[in-house]
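*Asks:* What follows is start22.csv; its format and atoms are CSV, C-alpha atoms.
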chain,number,residue,atom,x,y,z
T,29,MET,CA,6.7,11.5,1.3
T,30,ASN,CA,3.1,10.7,0.3
T,31,THR,CA,1.2,8.3,2.5
T,32,SER,CA,-2.0,8.3,0.4
T,33,PHE,CA,-3.1,5.7,-2.2
T,34,SER,CA,-3.2,7.0,-5.7
T,35,PHE,CA,-5.9,5.6,-7.9
T,36,ASP,CA,-4.4,7.5,-10.8
T,37,LEU,CA,-1.2,5.4,-10.4
T,38,PHE,CA,-3.2,2.2,-10.1
T,39,ASN,CA,-5.3,2.9,-13.2
T,40,LYS,CA,-2.2,3.8,-15.2
T,41,MET,CA,-0.9,0.2,-14.6
T,42,PRO,CA,-3.5,-1.9,-12.7
T,43,ILE,CA,-1.1,-4.6,-11.6
T,44,ILE,CA,-0.3,-5.1,-7.9
T,45,GLY,CA,3.0,-6.9,-7.4
T,46,ILE,CA,3.0,-9.1,-4.3
T,47,MET,CA,6.4,-9.4,-2.5
T,48,ARG,CA,6.6,-12.2,-0.1
T,49,ASN,CA,9.7,-13.4,1.9
T,50,ILE,CA,12.2,-11.4,-0.1
T,51,LEU,CA,15.5,-10.6,1.6
T,52,ASP,CA,15.8,-7.1,3.0
T,53,GLU,CA,18.9,-6.3,1.0
T,54,HIS,CA,17.0,-6.9,-2.2
T,55,ILE,CA,13.8,-5.0,-1.5
T,56,GLU,CA,14.9,-1.5,-2.5
T,57,ILE,CA,16.7,-2.5,-5.7
T,58,ILE,CA,13.6,-4.5,-6.8
T,59,ALA,CA,11.4,-1.6,-6.1
T,60,LYS,CA,13.7,0.7,-8.1
T,61,LYS,CA,13.6,-1.7,-11.1
T,62,TYR,CA,9.8,-2.1,-10.7
T,63,LEU,CA,9.3,1.7,-10.9
T,64,GLU,CA,11.7,2.2,-13.8
T,65,ALA,CA,9.8,-0.3,-15.8
T,66,GLY,CA,6.5,1.6,-15.4
T,67,LEU,CA,4.8,-0.6,-12.8
T,68,THR,CA,3.0,1.4,-10.0
T,69,CYS,CA,1.8,-0.8,-7.1
T,70,LEU,CA,3.7,-2.9,-4.7
T,71,GLU,CA,2.4,-5.0,-1.8
T,72,ILE,CA,4.6,-6.5,0.9
T,73,THR,CA,2.9,-9.3,2.8
T,74,MET,CA,2.7,-9.0,6.6
T,75,ASN,CA,3.9,-12.6,7.0
T,76,SER,CA,7.2,-11.7,5.5
T,77,GLU,CA,10.2,-11.1,7.8
T,78,ASN,CA,10.6,-7.4,8.6
T,79,ALA,CA,7.5,-6.5,6.7
T,80,GLU,CA,6.8,-3.3,8.6
T,81,LYS,CA,10.3,-2.0,8.3
T,82,ASN,CA,10.4,-2.7,4.5
T,83,ILE,CA,7.0,-1.1,4.0
T,84,SER,CA,8.0,2.0,5.9
T,85,ALA,CA,11.3,2.2,4.0
T,86,LEU,CA,9.6,2.0,0.6
T,87,VAL,CA,6.9,4.5,1.5
T,88,LYS,CA,9.7,7.0,2.4
T,89,LEU,CA,11.6,6.3,-0.8
T,90,TYR,CA,8.9,5.9,-3.3
T,91,GLY,CA,5.6,6.9,-1.7
T,92,ASP,CA,5.1,9.7,-4.3
T,93,LYS,CA,5.8,7.4,-7.3
T,94,LEU,CA,4.5,4.0,-6.2
T,95,ASN,CA,1.5,2.8,-4.2
T,96,ILE,CA,3.1,0.7,-1.3
T,97,GLY,CA,0.7,-1.6,0.5
T,98,ALA,CA,0.5,-4.3,3.1
T,99,GLY,CA,-0.8,-7.7,2.2
T,100,THR,CA,-1.9,-10.8,4.1
T,101,VAL,CA,-3.5,-8.6,6.7
T,102,CYS,CA,-5.6,-11.1,8.6
T,103,SER,CA,-6.1,-9.5,12.0
T,104,MET,CA,-6.3,-6.2,13.8
T,105,ASN,CA,-2.7,-6.8,15.0
T,106,ASP,CA,-1.5,-7.1,11.4
T,107,LEU,CA,-3.5,-4.0,10.5
T,108,GLU,CA,-2.1,-1.9,13.3
T,109,LYS,CA,1.4,-2.8,12.3
T,110,ALA,CA,0.6,-1.9,8.7
T,111,ILE,CA,-0.9,1.4,9.6
T,112,THR,CA,2.1,2.2,11.8
T,113,ALA,CA,4.4,1.5,8.8
T,114,LYS,CA,2.3,4.0,6.7
T,115,ALA,CA,1.0,1.4,4.2
T,116,GLN,CA,-1.0,3.2,1.5
T,117,PHE,CA,-3.4,0.3,1.0
T,118,ILE,CA,-4.4,-3.0,2.7
T,119,VAL,CA,-5.0,-6.4,1.1
T,120,THR,CA,-6.4,-9.4,2.9
T,121,PRO,CA,-6.9,-13.0,1.9
T,122,ILE,CA,-10.1,-13.2,3.9
T,123,ILE,CA,-13.1,-11.2,5.1
T,124,ASN,CA,-12.3,-9.7,8.6
T,125,GLU,CA,-15.2,-7.3,9.2
T,126,GLU,CA,-13.3,-5.4,11.9
T,127,VAL,CA,-10.3,-4.9,9.7
T,128,ILE,CA,-12.4,-3.7,6.7
T,129,LYS,CA,-14.5,-1.3,8.8
T,130,THR,CA,-11.4,0.1,10.5
T,131,CYS,CA,-9.8,0.8,7.1
T,132,VAL,CA,-13.0,2.4,5.8
T,133,ASN,CA,-13.2,4.6,8.9
T,134,GLU,CA,-9.5,5.6,8.5
T,135,LYS,CA,-10.0,6.2,4.8
T,136,ILE,CA,-7.3,3.6,3.9
T,137,PRO,CA,-8.2,1.6,0.7
T,138,ILE,CA,-8.7,-2.0,1.5
T,139,PHE,CA,-9.0,-4.9,-0.9
T,140,PRO,CA,-10.3,-8.0,1.0
T,141,GLY,CA,-10.2,-11.5,-0.3
T,142,ALA,CA,-13.4,-13.2,-1.3
T,143,TYR,CA,-14.3,-16.1,-3.6
T,144,THR,CA,-18.1,-16.6,-4.0
T,145,PRO,CA,-20.6,-14.1,-5.1
T,146,SER,CA,-22.0,-13.9,-1.6
T,147,GLU,CA,-18.5,-13.3,-0.1
T,148,ILE,CA,-17.8,-10.7,-2.8
T,149,TYR,CA,-21.0,-8.8,-2.1
T,150,LYS,CA,-20.5,-8.9,1.7
T,151,ALA,CA,-17.0,-7.5,1.4
T,152,TRP,CA,-18.1,-4.8,-0.9
T,153,SER,CA,-21.1,-3.9,1.3
T,154,LEU,CA,-18.7,-3.4,4.2
T,155,GLY,CA,-17.1,-0.5,2.2
T,156,ALA,CA,-14.1,-2.1,0.4
T,157,GLN,CA,-13.0,-0.3,-2.7
T,158,MET,CA,-12.0,-3.4,-4.6
T,159,ILE,CA,-12.4,-7.1,-3.9
T,160,LYS,CA,-9.5,-9.4,-4.2
T,161,LEU,CA,-10.9,-12.5,-6.0
T,162,PHE,CA,-8.8,-15.2,-4.3
T,163,PRO,CA,-7.7,-17.7,-5.2
T,164,ALA,CA,-8.2,-17.1,-8.8
T,165,SER,CA,-5.8,-19.8,-10.0
T,166,ASP,CA,-8.5,-22.4,-10.7
T,167,LEU,CA,-11.1,-19.9,-12.0
T,168,LYS,CA,-11.5,-19.2,-15.7
T,169,PRO,CA,-11.6,-15.5,-16.7
T,170,ASN,CA,-15.3,-15.9,-17.7
T,171,TYR,CA,-16.1,-16.4,-13.9
T,172,ILE,CA,-15.5,-12.6,-13.6
T,173,LYS,CA,-17.9,-11.8,-16.4
T,174,GLU,CA,-20.6,-14.0,-14.9
T,175,VAL,CA,-20.2,-12.5,-11.4
T,176,LEU,CA,-20.2,-9.0,-12.7
T,177,ALA,CA,-23.4,-9.5,-14.7
T,178,PRO,CA,-25.6,-9.1,-11.6
T,179,LEU,CA,-22.9,-7.3,-9.5
T,180,ASN,CA,-21.6,-4.9,-12.2
T,181,HIS,CA,-21.0,-2.1,-9.6
T,182,ILE,CA,-18.3,-4.2,-7.9
T,183,GLN,CA,-14.6,-3.9,-8.8
T,184,LEU,CA,-12.7,-7.2,-8.8
T,185,LEU,CA,-9.0,-7.8,-8.4
T,186,PRO,CA,-8.2,-11.5,-9.3
T,187,THR,CA,-5.1,-12.8,-7.6
T,188,GLY,CA,-3.4,-16.2,-7.9
T,189,GLY,CA,-2.4,-17.9,-11.1
T,190,MET,CA,-1.8,-14.7,-13.0
T,191,THR,CA,0.9,-14.9,-15.7
T,192,LEU,CA,2.3,-12.8,-18.5
T,193,GLU,CA,0.2,-14.9,-20.9
T,194,ASN,CA,-3.1,-14.8,-19.2
T,195,PHE,CA,-3.5,-11.7,-17.0
T,196,THR,CA,-5.1,-9.5,-19.7
T,197,ASN,CA,-7.7,-12.2,-20.2
T,198,TYR,CA,-9.1,-11.4,-16.7
T,199,LEU,CA,-9.0,-7.7,-17.5
T,200,SER,CA,-10.9,-8.3,-20.7
T,201,MET,CA,-13.7,-10.0,-18.7
T,202,GLY,CA,-14.1,-6.9,-16.5
T,203,ALA,CA,-11.5,-7.2,-13.7
T,204,LYS,CA,-10.4,-3.8,-12.4
T,205,GLY,CA,-6.8,-5.0,-12.0
T,206,VAL,CA,-4.8,-8.1,-11.0
T,207,GLY,CA,-2.5,-9.2,-8.2
T,208,ILE,CA,0.6,-11.1,-9.3
T,209,GLY,CA,3.2,-12.7,-7.0
T,210,SER,CA,5.9,-15.2,-8.1
T,211,GLN,CA,5.7,-14.3,-11.8
T,212,LEU,CA,6.9,-10.8,-11.0
T,213,PHE,CA,9.4,-11.9,-8.3
T,214,PRO,CA,11.0,-15.1,-9.7
T,215,LYS,CA,13.0,-16.6,-6.9
T,216,ASP,CA,15.9,-17.9,-9.0
T,217,ILE,CA,16.5,-14.5,-10.7
T,218,ILE,CA,16.3,-12.6,-7.4
T,219,GLU,CA,18.6,-15.1,-5.5
T,220,GLN,CA,21.2,-14.8,-8.3
T,221,GLN,CA,20.7,-11.0,-8.3
T,222,LYS,CA,20.2,-10.9,-12.1
T,223,TRP,CA,18.7,-7.4,-12.0
T,224,ASP,CA,18.9,-6.8,-15.7
T,225,ILE,CA,16.8,-9.9,-16.3
T,226,LEU,CA,14.3,-8.9,-13.7
T,227,SER,CA,14.0,-5.5,-15.4
T,228,GLY,CA,13.2,-7.4,-18.6
T,229,VAL,CA,10.5,-9.3,-16.8
T,230,TYR,CA,8.9,-6.1,-15.6
T,231,SER,CA,9.1,-4.5,-19.0
T,232,GLN,CA,7.4,-7.5,-20.6
T,233,PHE,CA,4.4,-7.1,-18.3
T,234,VAL,CA,4.2,-3.4,-19.0
T,235,LYS,CA,4.5,-4.0,-22.7
T,236,ARG,CA,1.7,-6.7,-22.6
T,237,TYR,CA,-0.6,-4.4,-20.7
T,238,ASN,CA,0.0,-1.5,-23.1
T,239,GLU,CA,-0.6,-3.8,-26.1
T,240,TYR,CA,-3.9,-4.9,-24.4
T,241,LYS,CA,-5.0,-1.3,-24.0
T,242,THR,CA,-4.2,-0.6,-27.7
T,243,GLU,CA,-6.1,-3.6,-28.8
T,244,LEU,CA,-9.0,-2.5,-26.6
T,245,CYS,CA,-9.1,0.9,-28.1
T,246,VAL,CA,-9.1,-0.5,-31.6
T,247,THR,CA,-11.9,-2.9,-30.8
T,248,GLU,CA,-14.0,-0.1,-29.3
T,249,LYS,CA,-13.8,2.1,-32.3
In structure tokens, how does this file's structure come out?

*Replies:*
Amino acid sequence: MNTSFSFDLFNKMPIIGIMRNILDEHIEIIAKKYLEAGLTCLEITMNSENAEKNISALVKLYGDKLNIGAGTVCSMNDLEKAITAKAQFIVTPIINEEVIKTCVNEKIPIFPGAYTPSEIYKAWSLGAQMIKLFPASDLKPNYIKEVLAPLNHIQLLPTGGMTLENFTNYLSMGAKGVGIGSQLFPKDIIEQQKWDILSGVYSQFVKRYNEYKTELCVTEK
């Protein structure tokens, strides 16, 4: 079992899938399909039922092949539970200085949520490795390019509103990766346990990212 975050895995497929309120009995099979498709990073939100148990189970099963993280970490209590569960990375929707500084001291990658340039810079200055740009649903991809013009040393992870059709637009503007929730975990497909269809959803995201990388290489030549 590996309890360390792998940036190699993240960079291979810079998509963090956000699992929220998914039934315990579906968690492991979803993670298996996720891994088989070529995706590499999973986040279970701490406001989901049995979050700690499910994070711990996935780290034990897939910690060497997937980055398993805890999301919606808003307090030190949330963080302590996530650390006990061996979460390999931490994601927050807000800036909690104590949470960020604790993760930095413990050498646990943390991606805190921020929205404005001032919030983004503050979170980065506290030692965060990436900043979760949240909510990104009402932001055009060009917002990332504009923020990174003066803050080009900061790595952004837009989350909220990401779809199969638009997520590479954010990457093309300079985002380090993206966080995707319901588009990767469609409620109806999961409730009906249509696992082959879910595998197809994951394969589509992987295919689109690989196409984007190929297009990027061609453009850069």

*Asks:* Please write as a PyMOL selection string the list of polymer residues whose atoms come within 12 Å of (8.1, 6.6, -0.8), counting all atoms listed in the file and keeping to the coordinates of the file.

*Replies:* chain T and resi 29-33+56+59-60+63+68-70+82-97+113-116

*Asks:* Could you name the residues that touch segment 242-245 of chain T at 12 Å or less, counting only C-alpha atoms, but leaving out those on the same chain fewer than 6 positions away, as a PDB file with C-alpha atoms, in the coordinates of the input?

*Replies:*
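part_12.pdb was written with the following content:
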ATOM      1  CA  THR T 196      -5.100  -9.500 -19.700  1.00  0.00           C
ATOM      2  CA  ASN T 197      -7.700 -12.200 -20.200  1.00  0.00           C
ATOM      3  CA  LEU T 199      -9.000  -7.700 -17.500  1.00  0.00           C
ATOM      4  CA  SER T 200     -10.900  -8.300 -20.700  1.00  0.00           C
ATOM      5  CA  MET T 201     -13.700 -10.000 -18.700  1.00  0.00           C
ATOM      6  CA  LYS T 235       4.500  -4.000 -22.700  1.00  0.00           C
ATOM      7  CA  ARG T 236       1.700  -6.700 -22.600  1.00  0.00           C
TER       8      ARG T 236
END

*Asks:* Identify, on the basis of all atoms listed in the file, every residue whose closest approach to Lys160 of chain T does not exceed 7 Å; exclude the query and any residue fewer than 3 positions from it along the same chain; express the result as a compact mmCIF listing (two decimals) with C-alpha atoms, keeping the file's coordinate frame.

*Replies:*
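Final output, saved to result-v6.txt:
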# COMPACT_ATOMS: atom_id res chain seq x y z
CA PHE T 139 -9.00 -4.90 -0.90
CA PRO T 140 -10.30 -8.00 1.00
CA GLY T 141 -10.20 -11.50 -0.30
CA ALA T 142 -13.40 -13.20 -1.30
CA LEU T 184 -12.70 -7.20 -8.80
CA LEU T 185 -9.00 -7.80 -8.40
CA PRO T 186 -8.20 -11.50 -9.30
CA THR T 187 -5.10 -12.80 -7.60

*Asks:* Counting all atoms listed in the file, which residue out of T:Gln157, T:Ile43, T:Pro121, T:Pro137 sits closest to Thr191 of chain T?

*Replies:* T:Ile43

*Asks:* State, in Å with one decimal place, the distance from atom CA of Pro163 of chain T to atom CA of Lys40 of chain T.

*Replies:*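 Answer for the atom CA of Pro163 of chain T to atom CA of Lys40 of chain T separation: 24.3 Å.
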
*Asks:* Which of these, T:Ile118, T:Ala79, T:Ala177, T:Ile218, has the shortest distance to Ile138 of chain T once you count only C-alpha atoms?

*Replies:* T:Ile118

*Asks:* Which polymer residues have any atom within 10 Å of an atom of Gly228 of chain T, counting all atoms listed in the file, with same-chain residues fewer than 6 positions away left out, as a list in words?

*Replies:*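 Contacts, with the query itself left out: Lys61, Ala65 and Val234 of chain T.
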
*Asks:* Between T:Asp216, T:Gln232, T:Leu176, T:Glu126, which residue has the minimum interatomic distance to Glu193 of chain T, considering all atoms listed in the file?

*Replies:*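 Looking at the shortest contact to Glu193 of chain T, the residue is T:Gln232.
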
*Asks:* What's the 12 Å shell around Lys215 of chain T, counting only C-alpha atoms, without same-chain residues fewer than 2 positions away, as a PyMOL selection string?

*Replies:* chain T and resi 47-51+54+209-213+217-223+226

*Asks:* Please determine, counting only C-alpha atoms, which residue among T:Pro145, T:Asn105, T:Met158, T:Val246 has the shortest atom-to-atom distance to Gln183 of chain T.

*Replies:*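 When distances to Gln183 of chain T are compared using only C-alpha atoms, the smallest one comes from T:Met158.
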
*Asks:* Point out the residue among T:Thr247, T:Thr112, T:Ile46, T:Phe38 with the least atom-to-atom distance to Gly66 of chain T, counting all atoms listed in the file.

*Replies:* T:Phe38

*Asks:* Go ahead and compute the interatomic distance for atom CA of Thr120 of chain T and atom CA of Ser34 of chain T, in Å to one decimal.

*Replies:*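 According to the coordinates, atom CA of Thr120 of chain T and atom CA of Ser34 of chain T are separated by 18.8 Å.
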